[in-house]
Amino acid sequence: MSSKNHKFRFSDKLEWGLDATFVPNKRFPVYNWFYYKEGYSRDLVLKTLEMLKFSPASKDFVLDPFCGSGTTNLACKEAGINSVGFDLSPLALLAARVKCRTYNAKKLAEALVSLREAHFEPQDRSWVPGDVAHYFNPHTLDDVIFFGKTVARIQDEETRDFFRLGLINSATRCSYMFKDGSVVKMQKHHVPPFRKFYFAHMKHMIHDAKKFKAGGKKCKTIIEEGDARAIRLEDSSIGCVITSPPYLNKIEYTKIYRIEEFLFFGGREGKDRGVRSFIGSKADTDILFPDIPASANAYFSDMNRVMRELYRVCKPRAKLAIVVGNGCFPDRVVDSDVLLAELAEQAGFKVNSILVLNRRWCTRNRVEKVGELRESMLVLEK
Ligand SMILES: C[S@@+](CC[C@H](N)C(=O)[O-])C[C@H]1O[C@@H](n2cnc3c(N)ncnc32)[C@H](O)[C@@H]1O
């Protein structure tokens, strides 16, 4: 389906292409505390707020129902705007919460001193299966388990979460993991000594926390566990939505965090929460679009629920910006931007435009071109 032959107004905004990735966040303190591959950037949020003419003076809340690592919420906080974010992934929620809080740097510095003084003891590593352990050298894994337990004993929840996120980040950076698209690969290379790295990283995070400036007026930033298909907010309570749901046919990306989920989120108890995908995972769903693969219909069926929920929670005239990627299948491209715009219209929204942020190729067997794959921003209004 080409962008030319249907009713929606398309325009290119390819100059925002890089902003639709997480890459620019690497330069920004706090935003870069956790590298969330499927996230977008601070600048995309700030530019979108400006484009939607959402005033920082407004008391309205911006909603991100798929908040991931909290980019929307942190950018809103920086601009002095109230915001609320929901996600279902424990790892994403930890990252978003830690990044969006306001800290007492002195308290964090004291906790770092205690952590440095902790008396190291060798750890039982037998509960870590080989396919997780082989991404670490044994000394690093020992340290990671030891500090995991030490951090878990920190009484104050916010301080504990702060050191936990830093631990996860440091463990990844001192491992042989290499995240290539949606798979984790092994790349043996020199890794820095874990303890030294972790302490330096925490010092750095404390410095960032001290320096981060929230916007002019005091604003509220709320991050909660919640499902975008059943949003826990009142009707007509939201002034603006900036978000990006999982992309069609890319839902497996949660697998790339399976090591972090195993080591830090209950892997020891045998829970494997990380590989659960939350949108489009149900087998028997409504057939909304008969000409697309069944798995794609499961996705649109869930996204239909999301659109209806967004319509319910938005105030009249609320503006929405939703970043989506089209789906690459071996025999075709599914234009999610057009189909989601259809669902948005059916839910009651006016589709103002579809801005194309990136054009890539969908390929089969890595080289054969199947079609053009757009990444777009739907601009909607209630
Ligand atoms: C594309 S990412 C969003 C990234 C975010 N914009 C950022 O910059 O970090 C999509 C997120 O949706 C979350 N998710 C998937 N299904 C969900 C659901 N039903 N409800 C809420 N969040 C969900 C995933 O855990 C993931 O963090």
# chains A, B, ... in the order shown; residues from 1 in each chain; ligands from 1
>>> residues_near_ligand(ligand="ligand 1", cutoff="7 Å", atoms="only C-alpha atoms and all ligand atoms", output="number ranges by chain")
A: 22, 36, 38-41, 65-72, 86-89, 92, 226-229, 243-247, 277-279
>>> select_by_dssp(residues="stretch 15-256 of chain A", states="strand (DSSP E)", output="number ranges by chain")
A: 61-64, 82-87, 177-180, 183-186, 221-225, 238-243
>>> closest_residue(among="A:Pro24, A:Pro138, A:Gly327, A:Gly80", to="A:Gly371", atoms="only C-alpha atoms")
A:Gly327
>>> select_by_dssp(residues="stretch 93-272 of chain A", states="alpha helix (DSSP H)", output="PyMOL selection string")
chain A and resi 93-100+105-117+130-133+138-152+157-173+194-211+258-264
>>> closest_atom_pairs(of="stretch 15-107 of chain A", to="stretch 157-180 of chain A", cutoff="12 Å", atoms="only C-alpha atoms", output="tab-separated table")
residue	atom	partner	partner_atom	distance
A:Val30	CA	A:Gly166	CA	11.3
A:Asn32	CA	A:Asn169	CA	10.2
A:Trp33	CA	A:Gly166	CA	7.4
A:Phe34	CA	A:Asn169	CA	6.3
A:Tyr35	CA	A:Asn169	CA	8.1
A:Tyr36	CA	A:Asn169	CA	10.7
A:Lys37	CA	A:Lys179	CA	9.0
A:Glu38	CA	A:Lys179	CA	11.8
A:Ser69	CA	A:Leu165	CA	11.3
A:Pro90	CA	A:Leu165	CA	11.4
A:Leu91	CA	A:Leu165	CA	8.7
A:Ala92	CA	A:Leu165	CA	10.2
A:Leu93	CA	A:Leu165	CA	10.5
A:Leu94	CA	A:Asp161	CA	7.0
A:Ala95	CA	A:Leu165	CA	6.5
A:Ala96	CA	A:Leu165	CA	10.0
A:Arg97	CA	A:Asp161	CA	8.3
A:Val98	CA	A:Phe162	CA	5.7
A:Lys99	CA	A:Phe162	CA	8.5
A:Cys100	CA	A:Phe162	CA	10.8
A:Arg101	CA	A:Glu158	CA	8.2
A:Thr102	CA	A:Glu158	CA	9.5
A:Tyr103	CA	A:Glu158	CA	8.4
A:Asn104	CA	A:Thr159	CA	9.4
A:Ala105	CA	A:Thr159	CA	10.0
A:Lys106	CA	A:Thr159	CA	11.1
A:Lys107	CA	A:Thr159	CA	8.0
>>> decode(residues="stretch 115-130 of chain A", atoms="all heavy atoms", output="PDB file, in the first residue's frame")
ATOM      1  N   LEU A 115      27.959   1.305  50.169  1.00  0.00           N
ATOM      2  CA  LEU A 115      28.103   0.240  49.178  1.00  0.00           C
ATOM      3  C   LEU A 115      29.583  -0.094  48.951  1.00  0.00           C
ATOM      4  O   LEU A 115      29.971  -1.257  48.875  1.00  0.00           O
ATOM      5  CB  LEU A 115      27.480   0.714  47.861  1.00  0.00           C
ATOM      6  CG  LEU A 115      26.985  -0.352  46.918  1.00  0.00           C
ATOM      7  CD1 LEU A 115      25.825  -1.117  47.537  1.00  0.00           C
ATOM      8  CD2 LEU A 115      26.512   0.293  45.606  1.00  0.00           C
ATOM      9  N   ARG A 116      30.397   0.949  48.923  1.00  0.00           N
ATOM     10  CA  ARG A 116      31.842   0.748  48.733  1.00  0.00           C
ATOM     11  C   ARG A 116      32.436  -0.030  49.907  1.00  0.00           C
ATOM     12  O   ARG A 116      33.418  -0.742  49.761  1.00  0.00           O
ATOM     13  CB  ARG A 116      32.557   2.101  48.676  1.00  0.00           C
ATOM     14  CG  ARG A 116      32.518   2.784  47.343  1.00  0.00           C
ATOM     15  CD  ARG A 116      33.165   4.160  47.537  1.00  0.00           C
ATOM     16  NE  ARG A 116      33.163   4.961  46.346  1.00  0.00           N
ATOM     17  CZ  ARG A 116      34.035   4.846  45.362  1.00  0.00           C
ATOM     18  NH1 ARG A 116      34.988   3.952  45.427  1.00  0.00           N
ATOM     19  NH2 ARG A 116      33.972   5.629  44.308  1.00  0.00           N
ATOM     20  N   GLU A 117      31.825   0.167  51.093  1.00  0.00           N
ATOM     21  CA  GLU A 117      32.394  -0.467  52.283  1.00  0.00           C
ATOM     22  C   GLU A 117      31.866  -1.877  52.514  1.00  0.00           C
ATOM     23  O   GLU A 117      32.307  -2.573  53.418  1.00  0.00           O
ATOM     24  CB  GLU A 117      32.073   0.396  53.520  1.00  0.00           C
ATOM     25  CG  GLU A 117      32.915   1.665  53.549  1.00  0.00           C
ATOM     26  CD  GLU A 117      32.444   2.661  54.584  1.00  0.00           C
ATOM     27  OE1 GLU A 117      31.387   2.420  55.225  1.00  0.00           O
ATOM     28  OE2 GLU A 117      33.124   3.693  54.737  1.00  0.00           O
ATOM     29  N   ALA A 118      30.907  -2.294  51.684  1.00  0.00           N
ATOM     30  CA  ALA A 118      30.298  -3.619  51.890  1.00  0.00           C
ATOM     31  C   ALA A 118      31.371  -4.706  51.806  1.00  0.00           C
ATOM     32  O   ALA A 118      32.257  -4.641  50.943  1.00  0.00           O
ATOM     33  CB  ALA A 118      29.219  -3.853  50.836  1.00  0.00           C
ATOM     34  N   HIS A 119      31.274  -5.667  52.697  1.00  0.00           N
ATOM     35  CA  HIS A 119      32.295  -6.704  52.771  1.00  0.00           C
ATOM     36  C   HIS A 119      31.960  -7.823  51.777  1.00  0.00           C
ATOM     37  O   HIS A 119      30.964  -8.521  51.924  1.00  0.00           O
ATOM     38  CB  HIS A 119      32.351  -7.235  54.212  1.00  0.00           C
ATOM     39  CG  HIS A 119      33.355  -8.309  54.377  1.00  0.00           C
ATOM     40  ND1 HIS A 119      34.708  -8.073  54.254  1.00  0.00           N
ATOM     41  CD2 HIS A 119      33.215  -9.641  54.611  1.00  0.00           C
ATOM     42  CE1 HIS A 119      35.346  -9.216  54.419  1.00  0.00           C
ATOM     43  NE2 HIS A 119      34.463 -10.180  54.626  1.00  0.00           N
ATOM     44  N   PHE A 120      32.818  -7.981  50.768  1.00  0.00           N
ATOM     45  CA  PHE A 120      32.522  -8.927  49.693  1.00  0.00           C
ATOM     46  C   PHE A 120      32.631 -10.377  50.161  1.00  0.00           C
ATOM     47  O   PHE A 120      33.540 -10.747  50.885  1.00  0.00           O
ATOM     48  CB  PHE A 120      33.468  -8.699  48.514  1.00  0.00           C
ATOM     49  CG  PHE A 120      33.194  -9.655  47.393  1.00  0.00           C
ATOM     50  CD1 PHE A 120      32.118  -9.454  46.549  1.00  0.00           C
ATOM     51  CD2 PHE A 120      33.976 -10.805  47.230  1.00  0.00           C
ATOM     52  CE1 PHE A 120      31.829 -10.354  45.533  1.00  0.00           C
ATOM     53  CE2 PHE A 120      33.695 -11.705  46.218  1.00  0.00           C
ATOM     54  CZ  PHE A 120      32.621 -11.485  45.373  1.00  0.00           C
ATOM     55  N   GLU A 121      31.668 -11.184  49.710  1.00  0.00           N
ATOM     56  CA  GLU A 121      31.734 -12.631  49.962  1.00  0.00           C
ATOM     57  C   GLU A 121      31.486 -13.361  48.654  1.00  0.00           C
ATOM     58  O   GLU A 121      30.633 -12.939  47.869  1.00  0.00           O
ATOM     59  CB  GLU A 121      30.622 -13.047  50.939  1.00  0.00           C
ATOM     60  CG  GLU A 121      30.903 -12.679  52.361  1.00  0.00           C
ATOM     61  CD  GLU A 121      29.617 -12.578  53.167  1.00  0.00           C
ATOM     62  OE1 GLU A 121      28.563 -13.061  52.692  1.00  0.00           O
ATOM     63  OE2 GLU A 121      29.679 -11.995  54.248  1.00  0.00           O
ATOM     64  N   PRO A 122      32.195 -14.468  48.400  1.00  0.00           N
ATOM     65  CA  PRO A 122      31.971 -15.222  47.167  1.00  0.00           C
ATOM     66  C   PRO A 122      30.517 -15.707  47.112  1.00  0.00           C
ATOM     67  O   PRO A 122      29.910 -16.000  48.142  1.00  0.00           O
ATOM     68  CB  PRO A 122      32.932 -16.409  47.273  1.00  0.00           C
ATOM     69  CG  PRO A 122      33.868 -16.061  48.364  1.00  0.00           C
ATOM     70  CD  PRO A 122      33.221 -15.068  49.263  1.00  0.00           C
ATOM     71  N   GLN A 123      29.968 -15.799  45.926  1.00  0.00           N
ATOM     72  CA  GLN A 123      28.535 -16.090  45.761  1.00  0.00           C
ATOM     73  C   GLN A 123      28.270 -17.456  45.138  1.00  0.00           C
ATOM     74  O   GLN A 123      29.095 -17.970  44.387  1.00  0.00           O
ATOM     75  CB  GLN A 123      27.917 -15.024  44.855  1.00  0.00           C
ATOM     76  CG  GLN A 123      28.023 -13.623  45.392  1.00  0.00           C
ATOM     77  CD  GLN A 123      27.256 -13.454  46.688  1.00  0.00           C
ATOM     78  OE1 GLN A 123      26.076 -13.763  46.759  1.00  0.00           O
ATOM     79  NE2 GLN A 123      27.941 -12.993  47.730  1.00  0.00           N
ATOM     80  N   ASP A 124      27.090 -17.979  45.468  1.00  0.00           N
ATOM     81  CA  ASP A 124      26.631 -19.208  44.807  1.00  0.00           C
ATOM     82  C   ASP A 124      26.106 -18.801  43.425  1.00  0.00           C
ATOM     83  O   ASP A 124      25.179 -18.001  43.327  1.00  0.00           O
ATOM     84  CB  ASP A 124      25.500 -19.816  45.661  1.00  0.00           C
ATOM     85  CG  ASP A 124      24.762 -20.904  44.916  1.00  0.00           C
ATOM     86  OD1 ASP A 124      25.356 -21.500  43.990  1.00  0.00           O
ATOM     87  OD2 ASP A 124      23.573 -21.149  45.245  1.00  0.00           O
ATOM     88  N   ARG A 125      26.714 -19.355  42.388  1.00  0.00           N
ATOM     89  CA  ARG A 125      26.291 -18.984  41.029  1.00  0.00           C
ATOM     90  C   ARG A 125      25.528 -20.117  40.356  1.00  0.00           C
ATOM     91  O   ARG A 125      25.187 -20.039  39.186  1.00  0.00           O
ATOM     92  CB  ARG A 125      27.515 -18.667  40.174  1.00  0.00           C
ATOM     93  CG  ARG A 125      28.109 -17.319  40.400  1.00  0.00           C
ATOM     94  CD  ARG A 125      29.269 -17.081  39.438  1.00  0.00           C
ATOM     95  NE  ARG A 125      30.563 -17.323  40.052  1.00  0.00           N
ATOM     96  CZ  ARG A 125      31.440 -18.227  39.642  1.00  0.00           C
ATOM     97  NH1 ARG A 125      31.179 -18.972  38.609  1.00  0.00           N
ATOM     98  NH2 ARG A 125      32.594 -18.366  40.272  1.00  0.00           N
ATOM     99  N   SER A 126      25.281 -21.196  41.123  1.00  0.00           N
ATOM    100  CA  SER A 126      24.731 -22.409  40.505  1.00  0.00           C
ATOM    101  C   SER A 126      23.315 -22.201  39.957  1.00  0.00           C
ATOM    102  O   SER A 126      22.874 -22.935  39.079  1.00  0.00           O
ATOM    103  CB  SER A 126      24.741 -23.558  41.512  1.00  0.00           C
ATOM    104  OG  SER A 126      23.934 -23.182  42.605  1.00  0.00           O
ATOM    105  N   TRP A 127      22.575 -21.221  40.486  1.00  0.00           N
ATOM    106  CA  TRP A 127      21.194 -20.995  40.019  1.00  0.00           C
ATOM    107  C   TRP A 127      21.139 -20.279  38.669  1.00  0.00           C
ATOM    108  O   TRP A 127      20.100 -20.182  38.051  1.00  0.00           O
ATOM    109  CB  TRP A 127      20.398 -20.205  41.069  1.00  0.00           C
ATOM    110  CG  TRP A 127      20.999 -18.861  41.398  1.00  0.00           C
ATOM    111  CD1 TRP A 127      22.005 -18.609  42.287  1.00  0.00           C
ATOM    112  CD2 TRP A 127      20.656 -17.591  40.823  1.00  0.00           C
ATOM    113  NE1 TRP A 127      22.305 -17.270  42.314  1.00  0.00           N
ATOM    114  CE2 TRP A 127      21.485 -16.616  41.426  1.00  0.00           C
ATOM    115  CE3 TRP A 127      19.723 -17.166  39.879  1.00  0.00           C
ATOM    116  CZ2 TRP A 127      21.422 -15.264  41.111  1.00  0.00           C
ATOM    117  CZ3 TRP A 127      19.653 -15.815  39.561  1.00  0.00           C
ATOM    118  CH2 TRP A 127      20.497 -14.888  40.171  1.00  0.00           C
ATOM    119  N   VAL A 128      22.295 -19.789  38.220  1.00  0.00           N
ATOM    120  CA  VAL A 128      22.311 -19.068  36.935  1.00  0.00           C
ATOM    121  C   VAL A 128      22.602 -20.071  35.818  1.00  0.00           C
ATOM    122  O   VAL A 128      23.673 -20.677  35.787  1.00  0.00           O
ATOM    123  CB  VAL A 128      23.392 -17.964  36.926  1.00  0.00           C
ATOM    124  CG1 VAL A 128      23.330 -17.162  35.626  1.00  0.00           C
ATOM    125  CG2 VAL A 128      23.237 -17.046  38.128  1.00  0.00           C
ATOM    126  N   PRO A 129      21.648 -20.290  34.914  1.00  0.00           N
ATOM    127  CA  PRO A 129      21.887 -21.294  33.864  1.00  0.00           C
ATOM    128  C   PRO A 129      23.014 -20.868  32.928  1.00  0.00           C
ATOM    129  O   PRO A 129      23.321 -19.675  32.798  1.00  0.00           O
ATOM    130  CB  PRO A 129      20.550 -21.334  33.112  1.00  0.00           C
ATOM    131  CG  PRO A 129      19.847 -20.086  33.452  1.00  0.00           C
ATOM    132  CD  PRO A 129      20.358 -19.607  34.775  1.00  0.00           C
ATOM    133  N   GLY A 130      23.598 -21.858  32.286  1.00  0.00           N
ATOM    134  CA  GLY A 130      24.753 -21.628  31.416  1.00  0.00           C
ATOM    135  C   GLY A 130      24.504 -20.583  30.342  1.00  0.00           C
ATOM    136  O   GLY A 130      25.378 -19.763  30.051  1.00  0.00           O
TER     137      GLY A 130
END
